[in-house]
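Here's coords38.cif, which has mmCIF, C-alpha atoms:
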```cif
data_data
#
loop_
_atom_site.label_atom_id
_atom_site.label_comp_id
_atom_site.auth_asym_id
_atom_site.auth_seq_id
_atom_site.Cartn_x
_atom_site.Cartn_y
_atom_site.Cartn_z
CA MET A 9 132.14 134.74 100.35
CA ASN A 10 129.65 135.80 97.67
CA ASP A 11 125.90 135.35 97.41
CA GLN A 12 126.28 132.32 95.13
CA ASN A 13 127.99 130.25 97.81
CA ALA A 14 126.37 126.79 97.94
CA ARG A 15 126.11 126.73 101.74
CA LEU A 16 124.55 130.19 101.87
CA ILE A 17 121.98 129.23 99.22
CA ALA A 18 121.15 126.09 101.22
CA VAL A 19 120.69 128.08 104.45
CA ARG A 20 118.47 130.64 102.72
CA ILE A 21 116.29 127.91 101.18
CA LEU A 22 115.98 126.05 104.50
CA THR A 23 115.04 129.29 106.27
CA ARG A 24 112.30 130.01 103.74
CA VAL A 25 110.96 126.46 103.91
CA GLU A 26 110.61 126.75 107.69
CA LYS A 27 109.41 130.34 107.80
CA GLU A 28 107.05 130.42 104.80
CA GLY A 29 106.26 126.76 104.12
CA ALA A 30 107.93 127.19 100.71
CA TYR A 31 108.62 124.13 98.54
CA ALA A 32 112.28 123.14 98.69
CA ASN A 33 112.33 121.52 95.23
CA LEU A 34 111.01 124.70 93.55
CA LEU A 35 113.45 126.91 95.45
CA LEU A 36 116.35 124.64 94.52
CA ARG A 37 115.34 124.75 90.87
CA SER A 38 115.32 128.55 90.84
CA GLN A 39 118.41 129.09 93.01
CA LEU A 40 120.78 126.51 91.51
CA SER A 41 120.96 128.36 88.20
CA GLY A 42 123.26 130.88 89.90
CA LEU A 43 125.87 128.19 90.61
CA THR A 44 128.12 127.47 87.63
CA GLN A 45 130.02 124.51 89.13
CA SER A 46 128.22 121.17 89.28
CA ARG A 47 129.95 120.38 92.59
CA ASP A 48 128.41 123.53 94.12
CA ARG A 49 124.95 122.60 92.81
CA ASN A 50 125.39 119.10 94.20
CA LEU A 51 126.48 120.44 97.61
CA ALA A 52 123.54 122.88 97.88
CA THR A 53 121.09 120.12 96.88
CA ALA A 54 122.63 117.61 99.30
CA LEU A 55 122.51 120.10 102.18
CA VAL A 56 118.90 121.15 101.61
CA ASN A 57 117.53 117.64 101.11
CA GLY A 58 119.76 116.10 103.76
CA VAL A 59 118.80 118.61 106.45
CA LEU A 60 115.08 118.39 105.66
CA LYS A 61 115.11 114.60 105.72
CA ASN A 62 117.15 114.35 108.92
CA LYS A 63 115.77 117.37 110.78
CA LEU A 64 114.51 115.54 113.88
CA THR A 65 117.74 113.54 114.18
CA LEU A 66 119.92 116.62 113.74
CA ASP A 67 117.90 118.61 116.29
CA TYR A 68 118.16 115.72 118.75
CA ALA A 69 121.95 115.75 118.35
CA LEU A 70 122.16 119.56 118.63
CA ARG A 71 119.94 119.82 121.73
CA LYS A 72 122.57 117.98 123.76
CA HIS A 73 124.77 121.07 123.43
CA LEU A 74 122.21 123.89 123.67
CA ASN A 75 120.98 125.69 126.79
CA LYS A 76 117.70 126.60 125.07
CA PRO A 77 115.38 124.71 122.69
CA MET A 78 115.92 125.03 118.93
CA SER A 79 112.54 126.78 118.67
CA ALA A 80 113.94 129.69 120.71
CA LEU A 81 116.56 130.44 118.05
CA PRO A 82 115.96 132.50 114.88
CA GLN A 83 115.23 130.34 111.82
CA GLU A 84 118.44 131.26 110.02
CA VAL A 85 120.48 130.23 113.08
CA ARG A 86 118.68 126.88 113.16
CA ALA A 87 119.43 126.46 109.45
CA VAL A 88 123.16 127.15 109.95
CA LEU A 89 123.36 124.75 112.91
CA ARG A 90 121.52 122.02 111.02
CA THR A 91 123.62 122.33 107.87
CA GLY A 92 126.75 122.33 110.01
CA VAL A 93 125.88 119.27 112.07
CA PHE A 94 124.59 117.47 108.95
CA GLN A 95 128.03 117.88 107.36
CA ILE A 96 129.72 116.72 110.56
CA LEU A 97 127.56 113.65 111.20
CA LEU A 98 126.32 112.55 107.79
CA MET A 99 128.65 113.85 105.05
CA ASP A 100 131.90 111.91 104.78
CA ARG A 101 133.40 114.11 102.09
CA VAL A 102 133.37 117.34 104.15
CA PRO A 103 136.22 117.61 106.70
CA VAL A 104 134.93 118.49 110.19
CA PRO A 105 137.06 121.67 110.59
CA ALA A 106 135.76 122.94 107.23
CA ALA A 107 132.14 122.25 108.25
CA VAL A 108 132.60 124.21 111.50
CA ASN A 109 134.57 127.11 110.02
CA GLU A 110 132.26 127.55 107.02
CA SER A 111 129.25 127.57 109.35
CA VAL A 112 130.81 130.25 111.56
CA ASP A 113 131.67 132.32 108.47
CA LEU A 114 128.07 131.99 107.31
CA MET A 115 126.78 133.09 110.70
CA ASN A 116 129.14 136.10 110.62
CA GLN A 117 127.54 137.09 107.34
CA LEU A 118 123.92 136.55 108.43
CA ASN A 119 123.83 137.48 112.13
CA ARG A 120 127.19 137.89 113.90
CA THR A 121 125.57 137.78 117.36
CA TYR A 122 125.13 134.00 117.09
CA SER A 123 128.58 133.16 115.69
CA PRO A 124 130.06 132.15 119.10
CA LEU A 125 127.08 129.86 119.77
CA VAL A 126 127.41 128.18 116.36
CA ASN A 127 131.15 127.72 116.88
CA SER A 128 130.73 126.23 120.36
CA VAL A 129 127.78 123.92 119.57
CA LEU A 130 129.26 122.51 116.36
CA ARG A 131 132.65 121.85 117.98
CA LYS A 132 130.94 119.95 120.81
CA ALA A 133 128.79 118.04 118.29
CA ALA A 134 131.95 117.07 116.39
CA GLU A 135 133.57 115.79 119.60
CA THR A 136 130.49 113.81 120.62
CA GLY A 137 129.67 112.43 117.15
CA TRP A 138 126.99 109.73 117.41
CA ASN A 139 128.01 108.90 120.96
CA PHE A 140 124.78 109.89 122.70
CA GLU A 141 121.78 108.05 124.08
CA TRP A 142 118.74 107.46 121.88
CA PRO A 143 115.19 107.03 123.23
CA ASP A 144 114.62 103.48 124.49
CA GLN A 145 113.93 101.28 121.46
CA LYS A 146 111.63 98.88 123.35
CA LYS A 147 109.84 101.19 125.76
CA GLU A 148 109.52 104.15 123.36
CA THR A 149 109.49 102.43 119.96
CA VAL A 150 107.58 105.18 118.14
CA ARG A 151 109.69 108.00 119.56
CA TYR A 152 112.91 106.06 118.93
CA LEU A 153 112.04 105.47 115.27
CA SER A 154 110.82 109.05 114.89
CA VAL A 155 114.05 110.56 116.23
CA ARG A 156 116.38 107.95 114.72
CA TYR A 157 114.94 108.21 111.20
CA SER A 158 113.42 111.69 111.35
CA HIS A 159 109.77 111.00 110.46
CA PRO A 160 106.62 112.34 112.15
CA GLU A 161 105.28 109.99 114.82
CA TRP A 162 101.86 109.69 113.15
CA MET A 163 103.43 108.14 110.04
CA ILE A 164 105.41 105.68 112.12
CA LYS A 165 102.33 104.61 114.10
CA ARG A 166 100.45 103.91 110.85
CA TRP A 167 103.26 101.86 109.36
CA LEU A 168 104.01 99.92 112.56
CA ALA A 169 100.35 98.88 112.80
CA ARG A 170 100.38 97.70 109.18
CA TRP A 171 103.82 96.16 108.74
CA GLY A 172 105.57 95.75 112.10
CA GLN A 173 108.92 97.17 113.16
CA GLU A 174 111.33 95.46 110.77
CA GLU A 175 109.45 96.43 107.61
CA THR A 176 108.74 99.95 108.93
CA GLU A 177 112.39 100.53 109.76
CA ALA A 178 113.40 99.39 106.26
CA LEU A 179 110.99 101.92 104.72
CA LEU A 180 112.23 104.72 107.00
CA LYS A 181 115.83 103.99 106.00
CA ALA A 182 114.91 103.96 102.30
CA ASN A 183 113.12 107.32 102.61
CA ASN A 184 116.31 108.85 104.04
CA GLU A 185 118.63 107.67 101.29
CA PRO A 186 119.69 110.23 98.68
CA SER A 187 117.04 110.48 95.99
CA LEU A 188 117.93 108.90 92.66
CA THR A 189 117.71 111.27 89.71
CA SER A 190 115.70 109.27 87.18
CA ILE A 191 115.17 110.65 83.68
CA ARG A 192 113.02 109.44 80.80
CA VAL A 193 114.73 109.44 77.42
CA ASN A 194 112.57 111.02 74.72
CA THR A 195 112.62 108.24 72.14
CA LEU A 196 110.92 110.55 69.63
CA LYS A 197 114.27 112.39 69.38
CA THR A 198 117.03 110.01 70.48
CA THR A 199 117.80 106.60 71.96
CA ARG A 200 118.81 105.63 75.49
CA GLN A 201 122.34 104.74 74.38
CA GLU A 202 122.82 107.94 72.36
CA LEU A 203 121.71 110.13 75.27
CA LYS A 204 123.82 108.12 77.70
CA THR A 205 126.89 108.72 75.52
CA LEU A 206 126.13 112.45 75.29
CA LEU A 207 125.78 112.81 79.07
CA GLU A 208 128.87 110.70 79.80
CA SER A 209 130.91 112.95 77.48
CA GLN A 210 130.14 115.75 80.00
CA GLU A 211 131.48 113.59 82.85
CA ILE A 212 127.99 112.87 84.20
CA GLU A 213 127.76 109.41 85.76
CA VAL A 214 124.86 107.54 84.14
CA VAL A 215 123.46 104.01 84.48
CA ASP A 216 120.51 102.32 82.77
CA GLY A 217 117.27 102.17 84.77
CA GLU A 218 116.27 98.58 85.49
CA TYR A 219 112.47 98.92 85.29
CA THR A 220 111.73 100.80 82.07
CA PRO A 221 113.58 100.69 78.73
CA GLU A 222 113.71 104.49 78.38
CA SER A 223 114.99 105.34 81.86
CA LEU A 224 118.47 106.48 82.92
CA ILE A 225 119.71 107.11 86.46
CA LEU A 226 122.03 110.10 86.94
CA LYS A 227 124.30 110.06 89.96
CA ASP A 228 125.09 113.24 91.91
CA PHE A 229 123.79 115.78 89.45
CA GLY A 230 121.76 118.95 90.06
CA GLY A 231 120.56 121.64 87.67
CA LEU A 232 119.41 119.31 84.88
CA ASP A 233 117.39 122.03 83.20
CA GLN A 234 120.69 123.81 82.37
CA LEU A 235 121.78 120.99 80.06
CA TRP A 236 121.50 121.44 76.28
CA GLU A 237 120.00 117.96 76.05
CA PHE A 238 117.16 118.92 78.40
CA GLN A 239 116.47 122.25 76.73
CA ASN A 240 116.27 120.53 73.34
CA GLY A 241 113.85 117.86 74.53
CA TYR A 242 116.09 114.80 74.64
CA PHE A 243 114.78 113.86 78.07
CA THR A 244 112.53 114.82 80.94
CA VAL A 245 112.81 114.08 84.66
CA GLN A 246 110.50 111.26 85.77
CA ASP A 247 110.83 108.44 88.29
CA GLN A 248 110.68 104.88 86.99
CA SER A 249 107.60 104.00 89.03
CA SER A 250 105.76 106.92 87.44
CA GLN A 251 106.94 105.77 84.00
CA LEU A 252 105.34 102.37 84.60
CA ALA A 253 101.84 103.92 84.60
CA ALA A 254 102.05 104.73 80.88
CA HIS A 255 103.52 101.33 80.05
CA LEU A 256 100.72 99.53 81.91
CA LEU A 257 97.99 101.64 80.31
CA GLY A 258 99.27 100.16 77.06
CA ALA A 259 98.23 102.91 74.64
CA ARG A 260 99.23 102.26 71.02
CA GLU A 261 99.67 104.38 67.89
CA GLY A 262 96.33 105.82 66.80
CA ASP A 263 94.52 105.29 70.12
CA SER A 264 92.37 107.92 71.81
CA VAL A 265 93.48 108.57 75.40
CA LEU A 266 91.99 110.64 78.23
CA ASP A 267 94.33 111.74 81.05
CA VAL A 268 92.02 113.26 83.67
CA CYS A 269 94.57 114.61 86.22
CA SER A 270 97.34 115.35 83.77
CA ALA A 271 99.48 118.19 85.14
CA PRO A 272 102.40 118.70 85.12
CA GLY A 273 102.42 116.31 82.16
CA GLY A 274 105.05 113.64 82.83
CA LYS A 275 102.71 110.72 82.19
CA THR A 276 100.84 112.59 79.42
CA THR A 277 103.99 113.20 77.39
CA HIS A 278 105.19 109.66 78.09
CA LEU A 279 101.95 108.28 76.65
CA ALA A 280 102.46 110.45 73.55
CA GLN A 281 105.99 109.11 73.24
CA LEU A 282 104.85 105.47 73.48
CA MET A 283 102.15 106.25 70.89
CA LYS A 284 104.88 107.67 68.59
CA ASN A 285 103.02 111.00 68.59
CA LYS A 286 100.15 109.42 66.59
CA GLY A 287 96.58 109.42 67.89
CA THR A 288 94.79 111.70 70.35
CA ILE A 289 95.45 112.57 73.98
CA VAL A 290 93.04 114.83 75.87
CA ALA A 291 94.81 116.19 78.97
CA VAL A 292 92.56 117.61 81.70
CA ASP A 293 93.39 119.84 84.66
CA MET A 294 91.34 122.43 86.54
CA TYR A 295 94.13 125.03 86.69
CA PRO A 296 95.08 126.85 83.45
CA GLN A 297 98.62 127.58 84.69
CA LYS A 298 99.17 123.83 85.15
CA LEU A 299 97.91 123.15 81.64
CA ASP A 300 100.51 125.67 80.43
CA LEU A 301 103.20 123.43 81.95
CA ILE A 302 101.94 120.51 79.85
CA LYS A 303 101.97 122.64 76.70
CA GLU A 304 105.53 123.86 77.42
CA SER A 305 106.74 120.32 78.08
CA ALA A 306 105.06 118.97 74.94
CA GLU A 307 106.63 121.72 72.83
CA ARG A 308 110.10 121.05 74.25
CA LEU A 309 109.73 117.31 73.61
CA GLY A 310 108.38 117.79 70.07
CA ILE A 311 104.90 116.39 70.82
CA THR A 312 101.93 117.70 68.82
CA MET A 313 99.07 115.28 69.65
CA ILE A 314 98.01 116.59 73.09
CA LYS A 315 94.84 118.66 73.46
CA THR A 316 94.42 120.37 76.85
CA VAL A 317 91.03 120.91 78.52
CA GLU A 318 90.41 123.01 81.63
CA SER A 319 87.93 121.13 83.81
CA ASP A 320 87.37 119.60 87.23
CA ALA A 321 88.15 115.85 86.94
CA ARG A 322 84.98 115.10 88.96
CA ILE A 323 82.85 116.74 86.26
CA LEU A 324 84.85 116.49 82.99
CA GLU A 325 82.81 119.30 81.51
CA GLY A 326 83.10 119.61 77.75
CA ILE A 327 84.20 116.01 77.25
CA GLY A 328 81.40 113.96 75.73
CA GLU A 329 83.22 111.20 73.89
CA LYS A 330 84.51 107.84 75.08
CA PHE A 331 88.16 106.76 74.81
CA ASP A 332 90.24 103.65 74.15
CA ARG A 333 92.35 104.29 77.25
CA VAL A 334 91.78 106.44 80.33
CA LEU A 335 94.39 107.34 82.95
CA VAL A 336 93.49 108.55 86.44
CA ASP A 337 96.67 109.63 88.22
CA ALA A 338 94.75 110.82 91.27
CA PRO A 339 95.64 113.61 93.73
CA CYS A 340 97.04 111.87 96.81
CA SER A 341 98.96 112.29 100.05
CA GLY A 342 102.27 111.69 98.26
CA LEU A 343 103.73 109.51 101.01
CA GLY A 344 105.47 107.39 98.39
CA VAL A 345 107.80 110.23 97.34
CA LEU A 346 109.27 111.20 100.74
CA ARG A 347 112.77 110.30 99.54
CA LYS A 348 112.47 112.71 96.63
CA ARG A 349 110.41 115.44 98.33
CA ALA A 350 112.33 115.95 101.56
CA ASP A 351 110.03 118.66 102.93
CA LEU A 352 106.83 116.67 102.35
CA ARG A 353 107.02 114.65 105.57
CA TRP A 354 106.73 117.85 107.62
CA GLN A 355 103.93 119.38 105.53
CA LYS A 356 101.50 116.45 105.48
CA ARG A 357 98.85 115.80 108.14
CA GLU A 358 97.20 112.51 108.90
CA ASP A 359 93.67 113.89 108.56
CA GLU A 360 94.37 114.55 104.86
CA ILE A 361 94.52 110.81 104.24
CA SER A 362 90.98 110.28 105.52
CA LYS A 363 89.63 113.07 103.29
CA LEU A 364 91.32 112.11 100.02
CA PRO A 365 89.60 108.77 99.18
CA GLU A 366 86.23 110.44 98.61
CA LEU A 367 87.80 112.76 96.01
CA GLN A 368 89.84 109.93 94.46
CA LEU A 369 86.77 107.69 94.08
CA ALA A 370 84.66 110.51 92.61
CA ILE A 371 87.33 111.17 89.95
CA LEU A 372 87.73 107.47 89.17
CA LEU A 373 83.96 106.93 88.81
CA LYS A 374 83.60 109.91 86.46
CA ALA A 375 86.59 108.81 84.38
CA ALA A 376 85.10 105.32 84.06
CA ASP A 377 82.09 106.82 82.26
CA HIS A 378 84.46 107.81 79.44
CA VAL A 379 85.92 104.35 78.80
CA ARG A 380 84.48 102.79 75.64
CA GLU A 381 83.47 99.13 75.50
CA GLY A 382 86.66 97.09 75.16
CA GLY A 383 88.62 100.06 76.51
CA GLU A 384 90.92 100.12 79.53
CA LEU A 385 91.32 102.26 82.64
CA VAL A 386 94.35 102.74 84.91
CA TYR A 387 94.20 104.25 88.41
CA SER A 388 97.50 105.35 89.98
CA THR A 389 98.80 107.29 92.96
CA CYS A 390 102.23 108.12 94.38
CA THR A 391 101.35 107.00 97.90
CA THR A 392 101.79 103.92 100.10
CA GLU A 393 98.52 104.29 102.04
CA PRO A 394 95.84 101.58 101.57
CA GLU A 395 92.90 103.98 102.14
CA GLU A 396 93.94 105.81 98.96
CA ASN A 397 94.78 102.68 97.01
CA PHE A 398 93.28 99.28 97.77
CA GLU A 399 90.22 100.74 99.55
CA VAL A 400 89.41 103.08 96.64
CA ILE A 401 89.70 100.15 94.22
CA LYS A 402 87.47 97.99 96.43
CA ALA A 403 84.78 100.71 96.46
CA PHE A 404 85.10 101.18 92.69
CA ARG A 405 84.59 97.47 92.03
CA GLN A 406 81.40 97.52 94.09
CA LEU A 407 80.00 100.57 92.29
CA LYS A 408 81.17 99.61 88.78
CA PRO A 409 80.90 95.80 88.66
CA GLU A 410 80.95 95.82 84.85
CA PHE A 411 84.70 96.67 84.94
CA VAL A 412 87.01 93.66 85.24
CA SER A 413 90.56 93.64 86.60
CA VAL A 414 93.38 93.16 84.10
CA ASP A 415 96.28 90.83 84.94
CA LEU A 416 99.39 93.06 84.98
CA SER A 417 102.00 90.30 85.30
CA GLY A 418 102.60 89.98 81.56
CA SER A 419 102.51 93.71 80.74
CA LEU A 420 105.56 94.93 82.66
CA PRO A 421 108.68 95.97 80.72
CA PHE A 422 110.84 93.90 83.14
CA ALA A 423 110.68 90.53 84.89
CA ALA A 424 108.63 90.88 88.09
CA GLU A 425 109.83 89.36 91.34
CA GLU A 426 107.94 86.44 92.83
CA ARG A 427 106.72 88.50 95.81
CA ASP A 428 104.91 90.94 93.46
CA LEU A 429 103.20 88.40 91.20
CA LYS A 430 100.25 87.70 93.50
CA GLN A 431 99.19 91.35 93.41
CA LEU A 432 100.02 91.84 89.73
CA ARG A 433 97.84 88.91 88.67
CA LYS A 434 94.92 90.55 90.48
CA GLY A 435 95.43 93.73 88.47
CA VAL A 436 96.95 95.84 91.26
CA TRP A 437 100.48 96.66 92.40
CA GLN A 438 101.80 98.55 95.42
CA ILE A 439 105.39 99.64 94.76
CA LEU A 440 107.38 100.31 97.94
CA PRO A 441 110.67 102.28 98.10
CA HIS A 442 112.45 99.74 100.32
CA HIS A 443 111.48 96.81 98.08
CA HIS A 444 111.92 98.30 94.63
CA ASN A 445 114.34 101.25 95.07
CA MET A 446 112.01 103.70 93.35
CA ASP A 447 109.20 106.00 94.45
CA GLY A 448 106.28 104.44 96.32
CA PHE A 449 103.49 104.07 93.78
CA PHE A 450 100.20 102.24 93.25
CA ILE A 451 98.71 101.03 89.96
CA ALA A 452 95.42 99.24 89.22
CA LYS A 453 94.03 98.38 85.79
CA PHE A 454 90.51 97.59 84.57
CA ARG A 455 88.83 96.72 81.27
CA ARG A 456 85.28 97.55 80.23
CA PRO A 457 84.16 94.39 78.42
CA TRP A 458 82.13 94.40 75.20
CA MET A 459 78.46 94.08 75.98
CA ALA A 460 76.75 90.99 74.53
#
```

Final structure tokens representation of the file:
Amino acid sequence: MNDQNARLIAVRILTRVEKEGAYANLLLRSQLSGLTQSRDRNLATALVNGVLKNKLTLDYALRKHLNKPMSALPQEVRAVLRTGVFQILLMDRVPVPAAVNESVDLMNQLNRTYSPLVNSVLRKAAETGWNFEWPDQKKETVRYLSVRYSHPEWMIKRWLARWGQEETEALLKANNEPSLTSIRVNTLKTTRQELKTLLESQEIEVVDGEYTPESLILKDFGGLDQLWEFQNGYFTVQDQSSQLAAHLLGAREGDSVLDVCSAPGGKTTHLAQLMKNKGTIVAVDMYPQKLDLIKESAERLGITMIKTVESDARILEGIGEKFDRVLVDAPCSGLGVLRKRADLRWQKREDEISKLPELQLAILLKAADHVREGGELVYSTCTTEPEENFEVIKAFRQLKPEFVSVDLSGSLPFAAEERDLKQLRKGVWQILPHHHNMDGFFIAKFRRPWMA
């Protein structure tokens, strides 16, 4: 077994995530380049994301067969046990004997002392399967949902209070499904059909996205940045809900646009694409290294109209002019992207949510000062939490009564469902993963009317 083995890479990434608080998506991006076979990249990705998403459930299943708590074991042993039991319980395509034997081989390589324990525990877990007792669903609803769907209890309490059990359970299930790989076709260089044909010729399974005309969904594919089509700017990775922000801002050729929280540049470059690379986009971020990401992305995609400015979005120093369109994609808790960012649910704390609205409102108010008369403003986040969404918008309306809400129902690039129209007509929209099968996202739009 060599160092490029998919299971070994997965165990090493999981160990670093737990030990150092490292970001799994960044580690996957850097580590997958060493795997030449797409099936190995897919396996490593599935193991890392699957274990992180299902950690509480997997630990609950493993504890039945351990004499000591998981916390008493070294991190790499926990990682081997979790990847092993994940393959046994949740991966149909891996035969049980292979999952056990590969895990024992891994343990031999990493720390031979624990190989007998891994062998014994995984064999017992395979015999037991799902045949064990869960916490009582009625008496311990929060704990049951937490263990069954592997989410922190504080999230579950919030969602139960807001939506009730049926809706909360549907969201928890959706968060645990494999993340869809959504890409945005760069229409400055190619068309959706042309790119689809190119990818299919490499035996990549591709379907059209249903919400935006430039989106494609790739099934079971990791290591996108290795593709010639990516390196030559034919597409970028971006979820459909995120793509909707640029569509709803409605920037046209020749417009002037301000994007106040622009990094890493997905929405910025999408705006440039919709504007056919004609006009002006000023992209703001307070970190120069993040602005470099926007410049690199723009260069790869063949975009020349973006000007980057280093500034705090609450101050917008050095920006005196007013713009036709302003986008505020605010920093947020990110609870809408738990399906995509598997490690996020364990890194977030509830107290963050109470602190963020003050920052979000300050950024939105400052951005509003740069909207010209007749111009439009979009506020967006990738979270499901009302304090960061509806409450921020409510406060903004009170402080900036001159801004009027813009009906979104006729601006979408697809036919909205009846259940969404009430919100859309009021100029707001909360996208939920279990309703729309894309990242949780919030969008609100305002216009600054011409003064009489």

How would you write, as a PyMOL selection string, the residues chosen by the PyMOL selection byres ((chain A and resi 196) around 7) on this structure?
chain A and resi 194-195+197-198+281+284

Evaluating the PyMOL selection byres ((chain A and resi 50) around 9) on the displayed file yields which residues, as a ChimeraX atom specification?
/A:14,45-49,51-55,228-231

So, with only C-alpha atoms as the atoms that count, which of A:Lys430, A:Arg322, A:Arg349, A:Lys298 lies closest to Ala32 (chain A)?
A:Arg349

Selected residue of minimal separation from Ala452 (chain A) among A:Ala423, A:Glu84, A:Ala271, A:Phe411, counting only C-alpha atoms
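For Ala452 (chain A), the nearest of the given residues is A:Phe411.
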
Pick from A:Ala291, A:Val102, A:Val334, A:Thr176, whichever lies nearest to His443 (chain A) using all atoms listed in the file
A:Thr176

What residues come out when you apply the PyMOL selection byres ((chain A and resi 266) around 6) to this file, written as a list in words?
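After applying the PyMOL selection byres ((chain A and resi 266) around 6), what remains is Val265, Asp267, Ile289, Val290 and Val334 of chain A.
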
Which polymer residues have any atom within 9 Å of an atom of Ile401 (chain A), counting all atoms listed in the file, with same-chain residues fewer than 4 positions away left out, as a compact mmCIF listing (two decimals) with C-alpha atoms, in the coordinates of the input?
```
# COMPACT_ATOMS: atom_id res chain seq x y z
CA LEU A 369 86.77 107.69 94.08
CA TYR A 387 94.20 104.25 88.41
CA GLU A 396 93.94 105.81 98.96
CA ASN A 397 94.78 102.68 97.01
CA ARG A 405 84.59 97.47 92.03
CA GLN A 406 81.40 97.52 94.09
CA VAL A 436 96.95 95.84 91.26
CA ALA A 452 95.42 99.24 89.22
```

Kindly indicate which residue among A:Leu98, A:Lys408, A:Ser111, A:Pro143 lies nearest to Ser128 (chain A), using all atoms listed in the file for the distances.
A:Ser111
